[in-house]
Every structure is written in structure tokens, then in C-alpha cells.
Amino acid sequence: MAVFPMFIELEKEICLIIGGGKVALRKAEVLLDMGAEVHVISRRFEPELLKLQSGQKNRECCSAPIGNLECHEINEGPLAAAVWLEQNARKEGIGNVTMLICATDDERVNHQMVLWARKHGIPANSATNPADCDFYFPSVVRRGNLMVGISTGGRTPALSRMVSRQIQETLPDWYETLAETGVEARERIHQATSDLGERKEILVKVLRAALEDRGRLTEEDIDKIIRENRSGEEND
Ligand SMILES: C[C@@]1(CC(=O)O)c2cc3[nH]c(cc4nc(cc5[nH]c(cc(n2)[C@H]1CCC(=O)O)[C@@](C)(CC(=O)O)[C@@H]5CCC(=O)O)C(CC(=O)O)=C4CCC(=O)O)c(CCC(=O)O)c3CC(=O)O
Ligand SMILES: NC(=O)C1=CN([C@@H]2O[C@H](COP(=O)(O)OP(=O)(O)OC[C@H]3O[C@@H](n4cnc5c(N)ncnc54)[C@H](O)[C@@H]3O)[C@@H](O)[C@H]2O)C=CC1
């Protein structure tokens, strides 16, 4: 069986995480980096999660992620998270929740919460049981708008992590600049020619040239490559 990698917009989308441990922290960091509204519901929280929450109140002094984080402390008891969610459903806009991640260290609680999510039509993920996952959380390598998500369909997460580290090494940080150059170049090429084949050919040339220069090309450099590669008829 294979899984389909679907890339979804998460900016301002509500993502709920049950459990506030190390696994929850890792997933929250990724979601916040995508601009999500992350709510963590747990009995206890990793200090780093609480730091992230307070850090966003004074963003000037720390490099807080772009999304918003709220940590909600709940009581002991296997059903406390479900009770909290039911009570806060209206406030949190449960109907609008994009995903629910169950990351407690209690498999029974995670399973109950997955059932709760399904009852409400919310895609669920369990950190303790791949069979309970409507989607798998990938290992993510991000360079600006260039995004790599790696998964083994829940079979060997450590392999996803290992391959992710290999990819990180082959994609230097300046690939973020390369991705931005791509956006700028594409706009300029679209203005210069309507021929699809030509657009593609020139874009690849621009990206190759940018690769030679740590991703950076000036508007003048881009326009020069466009001029040099446009076919006779359209040249003015
Ligand atoms: C199904 C899935 C559900 C989900 O969480 O979405 C899941 C499930 C489980 N993971 C377990 C263990 C480990 N997971 C990791 C690492 C990661 N696991 C992640 C995702 C996923 N893990 C989903 C499928 C991903 C896929 O399709 O490949 C990553 C990619 C994303 C993230 O979590 O952020 C992240 C790397 C991020 C990064 O660093 O880049 C390591 C390695 C390490 O920590 O060094 C170990 C220890 C080695 C081992 O046990 O394999 C266990 C057993 C727990 C136990 O035994 O107690 C289960 C439950 C089970 O398999 O039964
Ligand atoms: N999917 C993945 O990527 C991985 C999953 N795991 C598994 O994930 C689970 C969590 O791992 P960690 O975060 O390292 O554990 P942890 O011990 O750091 O955190 C567990 C968290 O769950 C909370 N919790 C426990 N019962 C709760 C309840 N009834 N309601 C609400 N919150 C509750 C605790 O307060 C704590 O914040 C473990 O079972 C572990 O085996 C481990 C490694 C990777």
C-alpha cells in the first residue's frame, strides 16, 4: 500500500494536539511554522511548549514561529480531553478543526480521541497506533516555499527521519532564495511570452543560472536570460 502526499494550506487553520510531551512539541513546531493555530490540550506540558506560548507575546525579542499556540491544561482522567473539547467546542470552532493529533503516552486515550474526531468528521492522527491514522505526520524539510514531506506510510518512521536528514544536507539554506528567485522569474517569463514550451525552457535556464549563484539572480540577470532565449518572432 502507498500513501498520497497531499500538501495543504494550514495558515490560520485550527490544529488540535492532545498530549503535551516531546512528540507533541515536535509536531506543534512544524504546524506553527506553517502558520497554523495550534491548541495543545494536556495534563502537563514540555517546558519548551510553554516557552513557545509565552514567546509569541513578545515576538520582537525572540524568533517565535508565525502561527499561534495555546496550551490548555486539563484534569487527570482518560476522558478529560474529550470533555474539555465538548465544553469548548463552540469557542474553538470544532466544526472548523483541520486535524486532531493524539500524542499522549496512553494508547487508550489516543484511541478514544481518534474515535471522537471521526465522530466530528475531523481527520485524526495517532502517535501510538498507525492503524488509527487518517493521515501520517511526515518528516518535513522546508526551504521557504520549497517543501519536502517524507513518509513510509507509518511503516518505519525512523527511516523517514534518516532520509530527511540526508535531504537536509543536500538542500542548503539558500534554496529558500532559489525558491524566491523561481517565483520572480516565473512572473517575468509569463509577462514576456505566452508560449508554454518557451516558458518552461527559459525557467529551467534561469533556475540553473541561479543554482550557480547560491540561488540569487537580479531582475536584470533574469531579464537578460529571457531576452537571450526568446524565439525570433516574439522578440521585439
Ligand atoms: C505512524 C506515525 C504516526 C504519527 O505520529 O504521525 C508514527 C508512529 C510511531 N512512531 C514511533 C517511533 C518513532 N518515531 C520517530 C520519528 C518520527 N515519527 C514520525 C511520524 C510517525 N510516527 C508517523 C509515520 C511516519 C511515516 O510514515 O514514516 C516523524 C516522521 C514525524 C513526527 O513525529 O514529527 C518523526 C521524525 C521527524 C523528524 O525528526 O524529522 C522515531 C525516530 C526518532 O525519534 O529518532 C521513532 C523511534 C524508532 C521507532 O520506534 O521506529 C512509534 C513507536 C513508539 C513506541 O515504540 O513507543 C510509533 C507508533 C507505532 O509505530 O506503533
Ligand atoms: N509518532 C511518533 O513520532 C512517536 C511516538 N512515540 C510515542 O508517542 C507517545 C508520546 O511520546 P512522548 O511525547 O515522548 O511522551 P511524554 O511522556 O513526553 O508525553 C506524554 C504527554 O501526554 C500527556 N497525557 C497523558 N495522559 C493524558 C490524558 N489522559 N489526557 C491528556 N494528556 C495526557 C502527558 O501529560 C504528557 O504531556 C509515547 O507513547 C511514545 O511511545 C514515540 C516516539 C515517536
# chains A, B, ... in the order shown; residues from 1 in each chain; ligands from 1

call {"tool": "residues_near_ligand", "arguments": {"ligand": "ligand 1", "cutoff": "9 Å", "atoms": "only C-alpha atoms and all ligand atoms", "output": "MDAnalysis selection string"}}
result
chainID A and resid 3 23:30 101:103 105 125:133 135:141 149:165

call {"tool": "select_by_dssp", "arguments": {"residues": "range 87-121 of chain A", "states": "strand (DSSP E)", "output": "PyMOL selection string"}}
result
chain A and resi 97-102

call {"tool": "residues_near_ligand", "arguments": {"ligand": "ligand 2", "cutoff": "6 Å", "atoms": "only C-alpha atoms and all ligand atoms", "output": "PyMOL selection string"}}
result
chain A and resi 18-24+42-45+77-78+81+103-106+109+127-128

call {"tool": "write_last_selection", "arguments": {"atoms": "C-alpha atoms", "output": "mmCIF file, in the first residue's frame"}}
result
data_model
loop_
_atom_site.group_PDB
_atom_site.id
_atom_site.type_symbol
_atom_site.label_atom_id
_atom_site.label_comp_id
_atom_site.auth_asym_id
_atom_site.auth_seq_id
_atom_site.Cartn_x
_atom_site.Cartn_y
_atom_site.Cartn_z
ATOM 1 C CA ILE A 18 -3.871 16.043 22.713
ATOM 2 C CA GLY A 19 -0.865 15.460 24.980
ATOM 3 C CA GLY A 20 1.926 17.949 25.632
ATOM 4 C CA GLY A 21 5.085 15.822 25.603
ATOM 5 C CA LYS A 22 8.131 15.616 23.347
ATOM 6 C CA VAL A 23 6.240 14.181 20.383
ATOM 7 C CA ALA A 24 3.547 16.882 20.688
ATOM 8 C CA SER A 42 -2.811 18.164 28.080
ATOM 9 C CA ARG A 43 -2.272 17.465 31.750
ATOM 10 C CA ARG A 44 1.344 18.560 31.616
ATOM 11 C CA PHE A 45 3.456 20.407 29.072
ATOM 12 C CA GLY A 77 -8.740 11.161 33.776
ATOM 13 C CA PRO A 78 -8.818 9.339 30.449
ATOM 14 C CA ALA A 81 -9.587 15.788 26.879
ATOM 15 C CA ALA A 103 0.054 12.328 21.142
ATOM 16 C CA THR A 104 -0.437 11.229 24.733
ATOM 17 C CA ASP A 105 1.550 8.267 26.041
ATOM 18 C CA ASP A 106 -1.716 6.455 26.813
ATOM 19 C CA VAL A 109 -6.774 7.795 25.417
ATOM 20 C CA ALA A 127 1.327 8.893 17.645
ATOM 21 C CA THR A 128 0.927 5.440 19.151
#

call {"tool": "residues_around", "arguments": {"residues": "Asn68 in chain A", "least_positions_apart": "6", "cutoff": "7 Å", "atoms": "only C-alpha atoms", "output": "list in words"}}
result
Leu32, Ala36, Glu37 and Val38 of chain A

call {"tool": "residues_around", "arguments": {"residues": "Leu146 in chain A", "least_positions_apart": "3", "cutoff": "9 Å", "atoms": "only C-alpha atoms", "output": "mmCIF file with N, CA and C atoms, in the first residue's frame"}}
result
data_model
loop_
_atom_site.group_PDB
_atom_site.id
_atom_site.type_symbol
_atom_site.label_atom_id
_atom_site.label_comp_id
_atom_site.auth_asym_id
_atom_site.auth_seq_id
_atom_site.Cartn_x
_atom_site.Cartn_y
_atom_site.Cartn_z
ATOM 1 N N VAL A 141 11.187 18.841 5.537
ATOM 2 C CA VAL A 141 12.342 19.696 5.242
ATOM 3 C C VAL A 141 11.794 20.892 4.483
ATOM 4 N N ARG A 142 12.003 22.074 5.044
ATOM 5 C CA ARG A 142 11.439 23.273 4.408
ATOM 6 C C ARG A 142 12.530 24.269 4.061
ATOM 7 N N ARG A 143 12.480 24.762 2.864
ATOM 8 C CA ARG A 143 13.345 25.874 2.446
ATOM 9 C C ARG A 143 12.413 26.907 1.828
ATOM 10 N N TYR A 175 18.540 27.478 -0.647
ATOM 11 C CA TYR A 175 17.453 27.023 -1.535
ATOM 12 C C TYR A 175 16.184 27.831 -1.313
ATOM 13 N N GLU A 176 16.091 28.463 -0.124
ATOM 14 C CA GLU A 176 14.954 29.366 0.119
ATOM 15 C C GLU A 176 15.030 30.543 -0.861
ATOM 16 N N ALA A 179 14.124 29.368 -4.298
ATOM 17 C CA ALA A 179 12.670 29.241 -4.463
ATOM 18 C C ALA A 179 12.035 30.612 -4.716
#

call {"tool": "atom_distance", "arguments": {"atom1": "CA of Thr177 in chain A", "atom2": "CA of Ile222 in chain A"}}
result
14.1 Å

call {"tool": "atom_distance", "arguments": {"atom1": "CA of Lys91 in chain A", "atom2": "CA of Cys71 in chain A"}}
result
14.7 Å

call {"tool": "residues_around", "arguments": {"residues": "Thr218 in chain A", "least_positions_apart": "5", "cutoff": "12 Å", "atoms": "only C-alpha atoms", "output": "list in words"}}
result
Thr177, Leu178, Glu180, Thr181, Gly182, Glu184, Ala185, Arg188, Val206, Ala209, Ala210, Asp213, Asp223, Lys224 and Ile225 of chain A

call {"tool": "atom_distance", "arguments": {"atom1": "CA of Glu169 in chain A", "atom2": "CA of Met34 in chain A"}}
result
21.5 Å
